[in-house]
>>> print(open('final-v3.cif').read())   # mmCIF, C-alpha atoms and all ligand atoms
data_my_file
#
loop_
_atom_site.group_PDB
_atom_site.id
_atom_site.type_symbol
_atom_site.label_atom_id
_atom_site.label_comp_id
_atom_site.auth_asym_id
_atom_site.auth_seq_id
_atom_site.Cartn_x
_atom_site.Cartn_y
_atom_site.Cartn_z
ATOM 1 C CA MET A 269 81.803 24.307 -28.162
ATOM 2 C CA GLU A 270 83.807 26.189 -25.574
ATOM 3 C CA GLU A 271 87.537 26.447 -26.026
ATOM 4 C CA ASN A 272 89.230 24.512 -23.263
ATOM 5 C CA MET A 273 92.028 26.006 -21.205
ATOM 6 C CA VAL A 274 94.312 22.995 -21.127
ATOM 7 C CA ASP A 275 97.968 23.854 -21.636
ATOM 8 C CA LYS A 276 99.234 20.905 -23.665
ATOM 9 C CA ASN A 277 102.712 22.369 -24.134
ATOM 10 C CA THR A 278 103.224 22.621 -20.392
ATOM 11 C CA TRP A 279 101.896 19.089 -20.049
ATOM 12 C CA GLU A 280 104.330 17.755 -22.661
ATOM 13 C CA THR A 281 107.297 19.523 -21.042
ATOM 14 C CA LEU A 282 106.399 18.368 -17.547
ATOM 15 C CA ARG A 283 105.647 14.846 -18.684
ATOM 16 C CA ARG A 284 109.069 14.489 -20.323
ATOM 17 C CA SER A 285 111.056 15.851 -17.413
ATOM 18 C CA PHE A 286 109.066 13.841 -14.850
ATOM 19 C CA LYS A 287 109.432 10.659 -16.853
ATOM 20 C CA ALA A 288 113.198 11.124 -16.955
ATOM 21 C CA ARG A 289 113.225 11.471 -13.179
ATOM 22 C CA GLY A 290 110.849 8.598 -12.426
ATOM 23 C CA VAL A 291 108.090 10.903 -11.194
ATOM 24 C CA THR A 292 104.410 10.154 -11.847
ATOM 25 C CA LEU A 293 102.317 13.138 -12.882
ATOM 26 C CA VAL A 294 98.789 13.184 -11.503
ATOM 27 C CA ALA A 295 96.783 15.810 -13.400
ATOM 28 C CA VAL A 296 94.427 17.388 -10.868
ATOM 29 C CA SER A 297 91.207 18.043 -12.766
ATOM 30 C CA LYS A 298 88.923 19.097 -9.903
ATOM 31 C CA THR A 299 86.294 21.662 -10.963
ATOM 32 C CA LYS A 300 87.359 21.263 -14.620
ATOM 33 C CA PRO A 301 84.961 19.954 -17.296
ATOM 34 C CA VAL A 302 85.296 16.508 -18.866
ATOM 35 C CA GLY A 303 86.316 18.159 -22.158
ATOM 36 C CA ASP A 304 89.503 19.427 -20.508
ATOM 37 C CA ILE A 305 90.254 15.974 -19.142
ATOM 38 C CA MET A 306 89.697 14.423 -22.576
ATOM 39 C CA ALA A 307 92.118 16.909 -24.135
ATOM 40 C CA LEU A 308 94.929 15.627 -21.911
ATOM 41 C CA TYR A 309 93.739 12.032 -22.167
ATOM 42 C CA GLU A 310 94.056 12.208 -25.950
ATOM 43 C CA ALA A 311 97.581 13.557 -25.542
ATOM 44 C CA GLY A 312 98.387 10.444 -23.472
ATOM 45 C CA GLN A 313 97.758 11.404 -19.830
ATOM 46 C CA ARG A 314 96.136 8.610 -17.786
ATOM 47 C CA ASP A 315 96.486 9.618 -14.112
ATOM 48 C CA PHE A 316 93.913 12.163 -12.983
ATOM 49 C CA GLY A 317 93.179 13.477 -9.492
ATOM 50 C CA GLU A 318 89.913 14.693 -7.979
ATOM 51 C CA ASN A 319 89.039 15.783 -4.472
ATOM 52 C CA TYR A 320 85.253 15.736 -4.354
ATOM 53 C CA VAL A 321 83.562 12.340 -4.293
ATOM 54 C CA GLN A 322 80.416 13.344 -6.176
ATOM 55 C CA GLU A 323 82.392 15.066 -8.908
ATOM 56 C CA LEU A 324 84.744 12.106 -9.254
ATOM 57 C CA VAL A 325 81.869 9.611 -9.533
ATOM 58 C CA GLU A 326 80.134 11.702 -12.200
ATOM 59 C CA LYS A 327 83.289 12.163 -14.272
ATOM 60 C CA GLN A 328 84.342 8.540 -13.971
ATOM 61 C CA ALA A 329 81.035 7.438 -15.477
ATOM 62 C CA LEU A 330 81.530 9.692 -18.509
ATOM 63 C CA LEU A 331 85.215 9.147 -19.240
ATOM 64 C CA PRO A 332 87.341 6.273 -20.611
ATOM 65 C CA ALA A 333 87.647 3.220 -18.386
ATOM 66 C CA ASP A 334 91.449 3.110 -18.482
ATOM 67 C CA ILE A 335 91.864 6.396 -16.615
ATOM 68 C CA ARG A 336 93.593 5.879 -13.257
ATOM 69 C CA TRP A 337 91.532 7.941 -10.837
ATOM 70 C CA HIS A 338 93.365 9.306 -7.811
ATOM 71 C CA TYR A 339 91.229 10.514 -4.954
ATOM 72 C CA ILE A 340 93.327 13.276 -3.385
ATOM 73 C CA GLY A 341 90.853 14.988 -1.048
ATOM 74 C CA HIS A 342 89.799 14.382 2.517
ATOM 75 C CA LEU A 343 87.656 11.247 2.421
ATOM 76 C CA GLN A 344 84.705 10.750 4.741
ATOM 77 C CA SER A 345 84.022 7.171 5.806
ATOM 78 C CA ASN A 346 80.451 7.257 4.529
ATOM 79 C CA LYS A 347 81.637 8.122 0.999
ATOM 80 C CA VAL A 348 84.123 5.264 0.587
ATOM 81 C CA LYS A 349 81.540 2.978 -0.987
ATOM 82 C CA LEU A 350 80.971 5.405 -3.869
ATOM 83 C CA ILE A 351 84.548 5.302 -5.149
ATOM 84 C CA ALA A 352 85.579 1.815 -3.985
ATOM 85 C CA PRO A 353 84.567 0.051 -7.229
ATOM 86 C CA PHE A 354 87.023 1.942 -9.417
ATOM 87 C CA VAL A 355 89.432 4.235 -7.532
ATOM 88 C CA TYR A 356 93.104 3.641 -8.414
ATOM 89 C CA LEU A 357 94.770 5.283 -5.407
ATOM 90 C CA ILE A 358 93.381 7.082 -2.354
ATOM 91 C CA HIS A 359 95.985 9.668 -1.300
ATOM 92 C CA ALA A 360 94.842 11.081 1.980
ATOM 93 C CA VAL A 361 94.004 8.379 4.514
ATOM 94 C CA ASP A 362 94.313 9.844 7.977
ATOM 95 C CA SER A 363 92.737 7.388 10.409
ATOM 96 C CA TYR A 364 92.619 3.699 11.196
ATOM 97 C CA ARG A 365 88.835 3.850 11.064
ATOM 98 C CA LEU A 366 89.000 5.056 7.466
ATOM 99 C CA LEU A 367 91.493 2.318 6.627
ATOM 100 C CA GLU A 368 89.038 -0.264 7.980
ATOM 101 C CA GLU A 369 86.197 1.248 5.976
ATOM 102 C CA ILE A 370 88.243 1.151 2.767
ATOM 103 C CA ASN A 371 89.129 -2.481 3.501
ATOM 104 C CA LYS A 372 85.453 -3.302 3.987
ATOM 105 C CA TYR A 373 84.492 -1.887 0.592
ATOM 106 C CA GLY A 374 87.572 -3.381 -1.023
ATOM 107 C CA ALA A 375 86.254 -6.768 0.105
ATOM 108 C CA LYS A 376 82.733 -6.006 -1.118
ATOM 109 C CA ASN A 377 84.117 -5.110 -4.529
ATOM 110 C CA ASN A 378 86.439 -8.088 -4.556
ATOM 111 C CA ARG A 379 89.574 -5.983 -4.939
ATOM 112 C CA VAL A 380 92.527 -4.579 -3.059
ATOM 113 C CA ILE A 381 92.406 -0.782 -2.759
ATOM 114 C CA ASP A 382 95.746 1.030 -2.734
ATOM 115 C CA ILE A 383 96.091 3.971 -0.370
ATOM 116 C CA LEU A 384 98.609 6.489 0.939
ATOM 117 C CA LEU A 385 98.749 7.805 4.479
ATOM 118 C CA GLN A 386 98.550 11.572 4.786
ATOM 119 C CA VAL A 387 101.283 13.100 6.901
ATOM 120 C CA HIS A 388 100.691 16.521 8.406
ATOM 121 C CA ILE A 389 103.845 18.457 7.504
ATOM 122 C CA ALA A 390 102.529 22.030 7.209
ATOM 123 C CA ASP A 391 102.184 24.288 10.197
ATOM 124 C CA GLU A 392 98.616 25.159 9.218
ATOM 125 C CA ASP A 393 95.638 23.774 11.142
ATOM 126 C CA THR A 394 93.583 23.635 7.975
ATOM 127 C CA LYS A 395 95.487 20.767 6.417
ATOM 128 C CA PHE A 396 94.522 17.242 7.359
ATOM 129 C CA GLY A 397 96.878 14.429 8.155
ATOM 130 C CA MET A 398 98.671 12.671 10.982
ATOM 131 C CA ASP A 399 101.927 13.465 12.719
ATOM 132 C CA ASP A 400 104.790 10.952 12.674
ATOM 133 C CA LYS A 401 103.716 9.355 15.913
ATOM 134 C CA GLU A 402 100.155 8.837 14.713
ATOM 135 C CA ILE A 403 101.451 7.431 11.419
ATOM 136 C CA ARG A 404 103.600 4.899 13.265
ATOM 137 C CA ALA A 405 100.735 3.954 15.596
ATOM 138 C CA LEU A 406 98.413 3.414 12.638
ATOM 139 C CA ILE A 407 100.995 1.262 10.876
ATOM 140 C CA ASP A 408 101.483 -0.815 14.043
ATOM 141 C CA SER A 409 97.718 -1.408 14.258
ATOM 142 C CA TYR A 410 97.639 -2.291 10.588
ATOM 143 C CA ARG A 411 100.507 -4.774 10.926
ATOM 144 C CA PHE A 412 98.812 -6.320 13.952
ATOM 145 C CA ASN A 413 95.544 -6.802 12.029
ATOM 146 C CA GLU A 414 96.987 -7.409 8.624
ATOM 147 C CA ASP A 415 95.119 -10.639 7.952
ATOM 148 C CA ALA A 416 91.809 -8.885 8.482
ATOM 149 C CA LEU A 417 92.868 -5.950 6.306
ATOM 150 C CA SER A 418 93.789 -7.830 3.153
ATOM 151 C CA HIS A 419 91.639 -5.625 0.894
ATOM 152 C CA VAL A 420 93.576 -2.442 1.550
ATOM 153 C CA ARG A 421 97.249 -1.839 0.855
ATOM 154 C CA ILE A 422 99.393 0.982 2.260
ATOM 155 C CA CYS A 423 101.528 2.029 -0.716
ATOM 156 C CA GLY A 424 103.237 5.102 0.679
ATOM 157 C CA LEU A 425 102.830 8.590 2.081
ATOM 158 C CA MET A 426 101.338 11.883 0.931
ATOM 159 C CA GLY A 427 101.657 15.417 2.239
ATOM 160 C CA MET A 428 101.106 19.098 1.530
ATOM 161 C CA ALA A 429 103.603 21.767 2.516
ATOM 162 C CA THR A 430 102.731 25.110 4.059
ATOM 163 C CA ASN A 431 101.483 27.631 1.521
ATOM 164 C CA THR A 432 104.309 30.151 1.868
ATOM 165 C CA GLU A 433 106.935 32.034 -0.158
ATOM 166 C CA ASP A 434 109.554 30.702 2.241
ATOM 167 C CA THR A 435 111.051 27.985 0.053
ATOM 168 C CA GLY A 436 113.447 26.906 2.805
ATOM 169 C CA LYS A 437 110.467 26.070 4.980
ATOM 170 C CA VAL A 438 108.689 24.219 2.170
ATOM 171 C CA ARG A 439 111.860 22.277 1.450
ATOM 172 C CA SER A 440 112.361 21.233 5.062
ATOM 173 C CA GLU A 441 108.744 20.047 5.301
ATOM 174 C CA PHE A 442 109.146 17.924 2.165
ATOM 175 C CA VAL A 443 112.492 16.553 3.363
ATOM 176 C CA HIS A 444 110.822 15.576 6.614
ATOM 177 C CA LEU A 445 108.137 13.625 4.758
ATOM 178 C CA SER A 446 110.668 12.053 2.420
ATOM 179 C CA ASP A 447 112.844 10.935 5.347
ATOM 180 C CA LEU A 448 109.861 9.334 7.067
ATOM 181 C CA PHE A 449 108.932 7.583 3.818
ATOM 182 C CA LYS A 450 112.468 6.223 3.336
ATOM 183 C CA THR A 451 112.684 5.056 6.938
ATOM 184 C CA LEU A 452 109.351 3.216 6.790
ATOM 185 C CA ALA A 453 110.325 1.599 3.489
ATOM 186 C CA ILE A 454 113.298 -0.117 5.127
ATOM 187 C CA THR A 455 111.658 -0.841 8.502
ATOM 188 C CA SER A 456 107.895 -1.504 8.754
ATOM 189 C CA PHE A 457 107.603 -2.114 5.012
ATOM 190 C CA ALA A 458 110.901 -3.865 4.378
ATOM 191 C CA GLY A 459 110.418 -6.576 1.749
ATOM 192 C CA ARG A 460 107.161 -4.994 0.586
ATOM 193 C CA PRO A 461 107.992 -3.354 -2.726
ATOM 194 C CA TYR A 462 104.501 -1.912 -3.108
ATOM 195 C CA PHE A 463 105.353 0.628 -0.398
ATOM 196 C CA SER A 464 106.869 2.874 -3.049
ATOM 197 C CA VAL A 465 104.932 6.125 -3.414
ATOM 198 C CA CYS A 466 105.946 9.475 -1.959
ATOM 199 C CA SER A 467 103.229 11.864 -3.157
ATOM 200 C CA MET A 468 104.180 15.497 -2.649
ATOM 201 C CA GLY A 469 104.328 18.632 -4.765
ATOM 202 C CA MET A 470 101.698 20.772 -6.489
ATOM 203 C CA SER A 471 101.837 23.562 -9.121
ATOM 204 C CA ALA A 472 103.624 26.002 -6.840
ATOM 205 C CA ASP A 473 106.155 23.696 -5.211
ATOM 206 C CA TYR A 474 106.680 20.568 -7.321
ATOM 207 C CA ASN A 475 110.334 21.319 -8.090
ATOM 208 C CA ILE A 476 111.199 21.569 -4.415
ATOM 209 C CA ALA A 477 109.218 18.399 -3.743
ATOM 210 C CA ILE A 478 111.010 16.401 -6.436
ATOM 211 C CA ASP A 479 114.405 17.615 -5.225
ATOM 212 C CA ALA A 480 113.384 16.444 -1.750
ATOM 213 C CA GLY A 481 112.480 12.946 -2.999
ATOM 214 C CA SER A 482 108.920 13.040 -4.317
ATOM 215 C CA ASN A 483 108.054 10.431 -6.960
ATOM 216 C CA MET A 484 104.432 11.503 -7.513
ATOM 217 C CA VAL A 485 103.274 15.083 -8.006
ATOM 218 C CA ARG A 486 99.704 16.370 -8.100
ATOM 219 C CA ILE A 487 99.428 19.297 -10.503
ATOM 220 C CA GLY A 488 96.238 21.191 -11.303
ATOM 221 C CA SER A 489 96.334 24.897 -12.138
ATOM 222 C CA LEU A 490 99.567 24.716 -14.121
ATOM 223 C CA LEU A 491 97.885 22.313 -16.578
ATOM 224 C CA PHE A 492 94.231 23.335 -16.492
ATOM 225 C CA GLY A 493 94.441 27.038 -15.645
ATOM 226 C CA SER A 494 93.424 28.622 -12.363
ATOM 227 C CA ARG A 495 90.244 27.525 -10.623
HETATM 228 C C1 LIG B 501 93.989 20.940 -5.674
HETATM 229 C C2 LIG B 501 95.025 20.028 -5.160
HETATM 230 C C3 LIG B 501 96.251 19.882 -5.821
HETATM 231 C C4 LIG B 501 96.654 20.662 -7.064
HETATM 232 O O1 LIG B 501 96.830 22.009 -6.759
HETATM 233 P P1 LIG B 501 97.417 23.033 -7.858
HETATM 234 O O2 LIG B 501 97.980 24.126 -7.027
HETATM 235 O O3 LIG B 501 96.267 23.463 -8.688
HETATM 236 O O4 LIG B 501 98.453 22.330 -8.634
HETATM 237 C C5 LIG B 501 97.155 18.965 -5.307
HETATM 238 N N1 LIG B 501 96.878 18.237 -4.203
HETATM 239 C C6 LIG B 501 95.716 18.369 -3.548
HETATM 240 C C7 LIG B 501 95.485 17.540 -2.333
HETATM 241 C C8 LIG B 501 94.757 19.264 -3.989
HETATM 242 O O5 LIG B 501 93.602 19.386 -3.323
#
>>> encode(input="final-v3.cif", output="structure tokens")
Amino acid sequence: MEENMVDKNTWETLRRSFKARGVTLVAVSKTKPVGDIMALYEAGQRDFGENYVQELVEKQALLPADIRWHYIGHLQSNKVKLIAPFVYLIHAVDSYRLLEEINKYGAKNNRVIDILLQVHIADEDTKFGMDDKEIRALIDSYRFNEDALSHVRICGLMGMATNTEDTGKVRSEFVHLSDLFKTLAITSFAGRPYFSVCSMGMSADYNIAIDAGSNMVRIGSLLFGSR
């Protein structure tokens, strides 16, 4: 059997410090074999993130049922049905149409599917997401049609900062997202405690993200080795 590359010491250190700060660690296992996932599962990790639908579906079928699967990639409407039966949290919803599609398959599976809205905070065209105005417009539409959308639940925001050495820039992008999250929590989502997740921070920038107010980080290469 091949030796896996999982760094359990890093996992243990991160897990402790995140727990103390109320931050959920999502272990991003994309491209990594199920053996690597099991190594962390046996150590106690339960939240795992994937960003390809096919890969997620295959792994889910092979791994323990109590894993909380986070879908962190860009989700196409025609793939929602494949993950709807089991997905724990969809991180990157970026259109009302997708929200409706998730609701439809939530209903078909007799469950409520939790999602985050992806905010575009980086100044790179390659990263998906909506600007603040689009986020607010989507939330208005959602509130207006809430009765019809009872099988999907907006639980917070997610974003990715620009990939740059300029930590000041990364920080200001995360602060922007965090401010929007806090504002929505006391306005549009006042009295709705489930609106509680601010998902930002990856291997390279999680410390900045947590300082800026993140309470969920998505970490891959630091735990599983480079891809
Ligand atoms: C791959 C990925 C991560 C993890 O990236 P690392 O740099 O390996 O920690 C986090 N979020 C998203 C959306 C990703 O696609």
>>> resolve_selection(input="final-v3.cif", expression="the PyMOL selection byres (((chain A and resi 301) around 12) and not hetatm)", output="ChimeraX atom specification")
/A:270-274,296-300,302-308,318,323-324,326-328,330-331,492-493,495
>>> residues_around(input="final-v3.cif", residues="Ser285 in chain A", least_positions_apart="6", cutoff="12 Å", atoms="all atoms listed in the file", output="list in words")
Thr278, Trp279, Val291, Thr292, Leu293, Tyr474, Asn475 and Ile478 of chain A
>>> residues_near_ligand(input="final-v3.cif", ligand="ligand LIG 501 (chain B)", cutoff="10 Å", atoms="all atoms listed in the file", output="PDB file with C-alpha atoms, in the coordinates of the input")
ATOM      1  CA  VAL A 294      98.789  13.184 -11.503  1.00  0.00           C
ATOM      2  CA  ALA A 295      96.783  15.810 -13.400  1.00  0.00           C
ATOM      3  CA  VAL A 296      94.427  17.388 -10.868  1.00  0.00           C
ATOM      4  CA  SER A 297      91.207  18.043 -12.766  1.00  0.00           C
ATOM      5  CA  LYS A 298      88.923  19.097  -9.903  1.00  0.00           C
ATOM      6  CA  THR A 299      86.294  21.662 -10.963  1.00  0.00           C
ATOM      7  CA  GLY A 317      93.179  13.477  -9.492  1.00  0.00           C
ATOM      8  CA  GLU A 318      89.913  14.693  -7.979  1.00  0.00           C
ATOM      9  CA  ASN A 319      89.039  15.783  -4.472  1.00  0.00           C
ATOM     10  CA  TYR A 320      85.253  15.736  -4.354  1.00  0.00           C
ATOM     11  CA  TYR A 339      91.229  10.514  -4.954  1.00  0.00           C
ATOM     12  CA  ILE A 340      93.327  13.276  -3.385  1.00  0.00           C
ATOM     13  CA  GLY A 341      90.853  14.988  -1.048  1.00  0.00           C
ATOM     14  CA  HIS A 342      89.799  14.382   2.517  1.00  0.00           C
ATOM     15  CA  HIS A 359      95.985   9.668  -1.300  1.00  0.00           C
ATOM     16  CA  ALA A 360      94.842  11.081   1.980  1.00  0.00           C
ATOM     17  CA  GLN A 386      98.550  11.572   4.786  1.00  0.00           C
ATOM     18  CA  LYS A 395      95.487  20.767   6.417  1.00  0.00           C
ATOM     19  CA  PHE A 396      94.522  17.242   7.359  1.00  0.00           C
ATOM     20  CA  MET A 426     101.338  11.883   0.931  1.00  0.00           C
ATOM     21  CA  GLY A 427     101.657  15.417   2.239  1.00  0.00           C
ATOM     22  CA  MET A 428     101.106  19.098   1.530  1.00  0.00           C
ATOM     23  CA  ASN A 431     101.483  27.631   1.521  1.00  0.00           C
ATOM     24  CA  SER A 467     103.229  11.864  -3.157  1.00  0.00           C
ATOM     25  CA  MET A 468     104.180  15.497  -2.649  1.00  0.00           C
ATOM     26  CA  GLY A 469     104.328  18.632  -4.765  1.00  0.00           C
ATOM     27  CA  MET A 470     101.698  20.772  -6.489  1.00  0.00           C
ATOM     28  CA  SER A 471     101.837  23.562  -9.121  1.00  0.00           C
ATOM     29  CA  ALA A 472     103.624  26.002  -6.840  1.00  0.00           C
ATOM     30  CA  ASP A 473     106.155  23.696  -5.211  1.00  0.00           C
ATOM     31  CA  TYR A 474     106.680  20.568  -7.321  1.00  0.00           C
ATOM     32  CA  VAL A 485     103.274  15.083  -8.006  1.00  0.00           C
ATOM     33  CA  ARG A 486      99.704  16.370  -8.100  1.00  0.00           C
ATOM     34  CA  ILE A 487      99.428  19.297 -10.503  1.00  0.00           C
ATOM     35  CA  GLY A 488      96.238  21.191 -11.303  1.00  0.00           C
ATOM     36  CA  SER A 489      96.334  24.897 -12.138  1.00  0.00           C
ATOM     37  CA  LEU A 490      99.567  24.716 -14.121  1.00  0.00           C
ATOM     38  CA  LEU A 491      97.885  22.313 -16.578  1.00  0.00           C
ATOM     39  CA  PHE A 492      94.231  23.335 -16.492  1.00  0.00           C
ATOM     40  CA  GLY A 493      94.441  27.038 -15.645  1.00  0.00           C
ATOM     41  CA  SER A 494      93.424  28.622 -12.363  1.00  0.00           C
ATOM     42  CA  ARG A 495      90.244  27.525 -10.623  1.00  0.00           C
TER      43      ARG A 495
END
>>> closest_residue(input="final-v3.cif", among="A:Asp275, A:Asp362, A:Asp434, A:Asp479", to="Gly397 in chain A", atoms="only C-alpha atoms")
A:Asp362
>>> resolve_selection(input="final-v3.cif", expression="the PyMOL selection byres (((chain A and resi 422) around 9) and not hetatm)", output="list in words")
Ile381, Asp382, Ile383, Leu384, Leu385, Ile407, Val420, Arg421, Cys423, Gly424, Leu425, Tyr462 and Phe463 of chain A
>>> axis_aligned_box(input="final-v3.cif", around="range 460-473 of chain A", padding_each_side="4 Å", output="lines of an AutoDock Vina configuration file")
center_x = 104.8
center_y = 10.5
center_z = -4.3
size_x = 14.3
size_y = 39.0
size_z = 17.7
>>> atom_distance(input="final-v3.cif", atom1="CA of His388 in chain A", atom2="CA of Gly374 in chain A")
25.6 Å
>>> resolve_selection(input="final-v3.cif", expression="the PyMOL selection byres (((chain A and resi 417) around 10) and not hetatm)", output="PyMOL selection string")
chain A and resi 367-372+374-375+380+410-416+418-421
>>> closest_residue(input="final-v3.cif", among="A:Lys287, A:Lys349, A:Arg314, A:Lys401", to="Arg336 in chain A", atoms="only C-alpha atoms")
A:Arg314
>>> residues_around(input="final-v3.cif", residues="Asp447 in chain A", least_positions_apart="4", cutoff="12 Å", atoms="all atoms listed in the file", output="ChimeraX atom specification")
/A:387,389,400,425,440-443,451-454,466,480-482
>>> closest_residue(input="final-v3.cif", among="A:Ala477, A:Leu350, A:Leu448, A:Ala405", to="Gln322 in chain A", atoms="only C-alpha atoms")
A:Leu350
>>> atom_distance(input="final-v3.cif", atom1="CA of Phe449 in chain A", atom2="CA of His338 in chain A")
19.5 Å
>>> atom_distance(input="final-v3.cif", atom1="CA of Leu282 in chain A", atom2="CA of Ala390 in chain A")
25.3 Å
>>> closest_residue(input="final-v3.cif", among="A:Lys347, A:Trp337, A:Asp408, A:Met398", to="Val361 in chain A", atoms="all atoms listed in the file")
A:Met398
>>> closest_residue(input="final-v3.cif", among="A:Gln344, A:Thr455, A:Thr432, A:Asn483", to="Glu392 in chain A", atoms="all atoms listed in the file")
A:Thr432
>>> decode(input="final-v3.cif", residues="range 448-471 of chain A", atoms="N, CA and C atoms", output="mmCIF file, in the first residue's frame")
data_model
loop_
_atom_site.group_PDB
_atom_site.id
_atom_site.type_symbol
_atom_site.label_atom_id
_atom_site.label_comp_id
_atom_site.auth_asym_id
_atom_site.auth_seq_id
_atom_site.Cartn_x
_atom_site.Cartn_y
_atom_site.Cartn_z
ATOM 1 N N LEU A 448 -19.498 42.754 4.915
ATOM 2 C CA LEU A 448 -20.763 42.468 4.237
ATOM 3 C C LEU A 448 -21.535 41.378 4.991
ATOM 4 N N PHE A 449 -20.807 40.348 5.403
ATOM 5 C CA PHE A 449 -21.421 39.260 6.176
ATOM 6 C C PHE A 449 -22.082 39.791 7.455
ATOM 7 N N LYS A 450 -21.329 40.612 8.202
ATOM 8 C CA LYS A 450 -21.852 41.137 9.475
ATOM 9 C C LYS A 450 -23.063 42.041 9.243
ATOM 10 N N THR A 451 -23.009 42.832 8.194
ATOM 11 C CA THR A 451 -24.131 43.724 7.893
ATOM 12 C C THR A 451 -25.386 42.922 7.550
ATOM 13 N N LEU A 452 -25.226 41.913 6.692
ATOM 14 C CA LEU A 452 -26.390 41.102 6.297
ATOM 15 C C LEU A 452 -26.973 40.359 7.495
ATOM 16 N N ALA A 453 -26.091 39.929 8.401
ATOM 17 C CA ALA A 453 -26.554 39.170 9.568
ATOM 18 C C ALA A 453 -27.487 39.996 10.454
ATOM 19 N N ILE A 454 -27.298 41.313 10.462
ATOM 20 C CA ILE A 454 -28.149 42.144 11.324
ATOM 21 C C ILE A 454 -29.218 42.898 10.531
ATOM 22 N N THR A 455 -29.241 42.709 9.206
ATOM 23 C CA THR A 455 -30.286 43.362 8.400
ATOM 24 C C THR A 455 -31.170 42.279 7.767
ATOM 25 N N SER A 456 -30.856 41.880 6.543
ATOM 26 C CA SER A 456 -31.680 40.895 5.825
ATOM 27 C C SER A 456 -31.897 39.607 6.604
ATOM 28 N N PHE A 457 -30.889 39.199 7.384
ATOM 29 C CA PHE A 457 -31.000 37.919 8.092
ATOM 30 C C PHE A 457 -31.140 38.086 9.607
ATOM 31 N N ALA A 458 -31.557 39.256 10.022
ATOM 32 C CA ALA A 458 -31.781 39.471 11.457
ATOM 33 C C ALA A 458 -32.799 38.456 11.972
ATOM 34 N N GLY A 459 -32.543 37.874 13.129
ATOM 35 C CA GLY A 459 -33.456 36.885 13.695
ATOM 36 C C GLY A 459 -33.380 35.525 13.024
ATOM 37 N N ARG A 460 -32.389 35.346 12.173
ATOM 38 C CA ARG A 460 -32.201 34.042 11.501
ATOM 39 C C ARG A 460 -30.810 33.530 11.848
ATOM 40 N N PRO A 461 -30.710 32.835 12.968
ATOM 41 C CA PRO A 461 -29.393 32.441 13.477
ATOM 42 C C PRO A 461 -28.623 31.502 12.549
ATOM 43 N N TYR A 462 -29.306 30.883 11.612
ATOM 44 C CA TYR A 462 -28.581 29.985 10.699
ATOM 45 C C TYR A 462 -27.676 30.752 9.736
ATOM 46 N N PHE A 463 -27.943 32.057 9.566
ATOM 47 C CA PHE A 463 -27.024 32.857 8.737
ATOM 48 C C PHE A 463 -25.799 33.158 9.592
ATOM 49 N N SER A 464 -24.828 32.239 9.574
ATOM 50 C CA SER A 464 -23.761 32.278 10.578
ATOM 51 C C SER A 464 -22.381 31.903 10.048
ATOM 52 N N VAL A 465 -22.279 31.626 8.751
ATOM 53 C CA VAL A 465 -21.002 31.133 8.225
ATOM 54 C C VAL A 465 -20.319 32.169 7.339
ATOM 55 N N CYS A 466 -19.070 32.465 7.679
ATOM 56 C CA CYS A 466 -18.236 33.320 6.835
ATOM 57 C C CYS A 466 -17.035 32.478 6.427
ATOM 58 N N SER A 467 -17.129 31.886 5.214
ATOM 59 C CA SER A 467 -16.127 30.928 4.748
ATOM 60 C C SER A 467 -15.056 31.625 3.921
ATOM 61 N N MET A 468 -13.908 31.848 4.529
ATOM 62 C CA MET A 468 -12.785 32.428 3.777
ATOM 63 C C MET A 468 -11.472 32.011 4.406
ATOM 64 N N GLY A 469 -10.457 31.846 3.555
ATOM 65 C CA GLY A 469 -9.142 31.424 3.998
ATOM 66 C C GLY A 469 -8.781 30.042 3.491
ATOM 67 N N MET A 470 -7.582 29.937 2.897
ATOM 68 C CA MET A 470 -7.064 28.679 2.381
ATOM 69 C C MET A 470 -5.641 28.504 2.945
ATOM 70 N N SER A 471 -4.886 27.526 2.445
ATOM 71 C CA SER A 471 -3.562 27.250 3.033
ATOM 72 C C SER A 471 -2.691 28.501 3.122
#
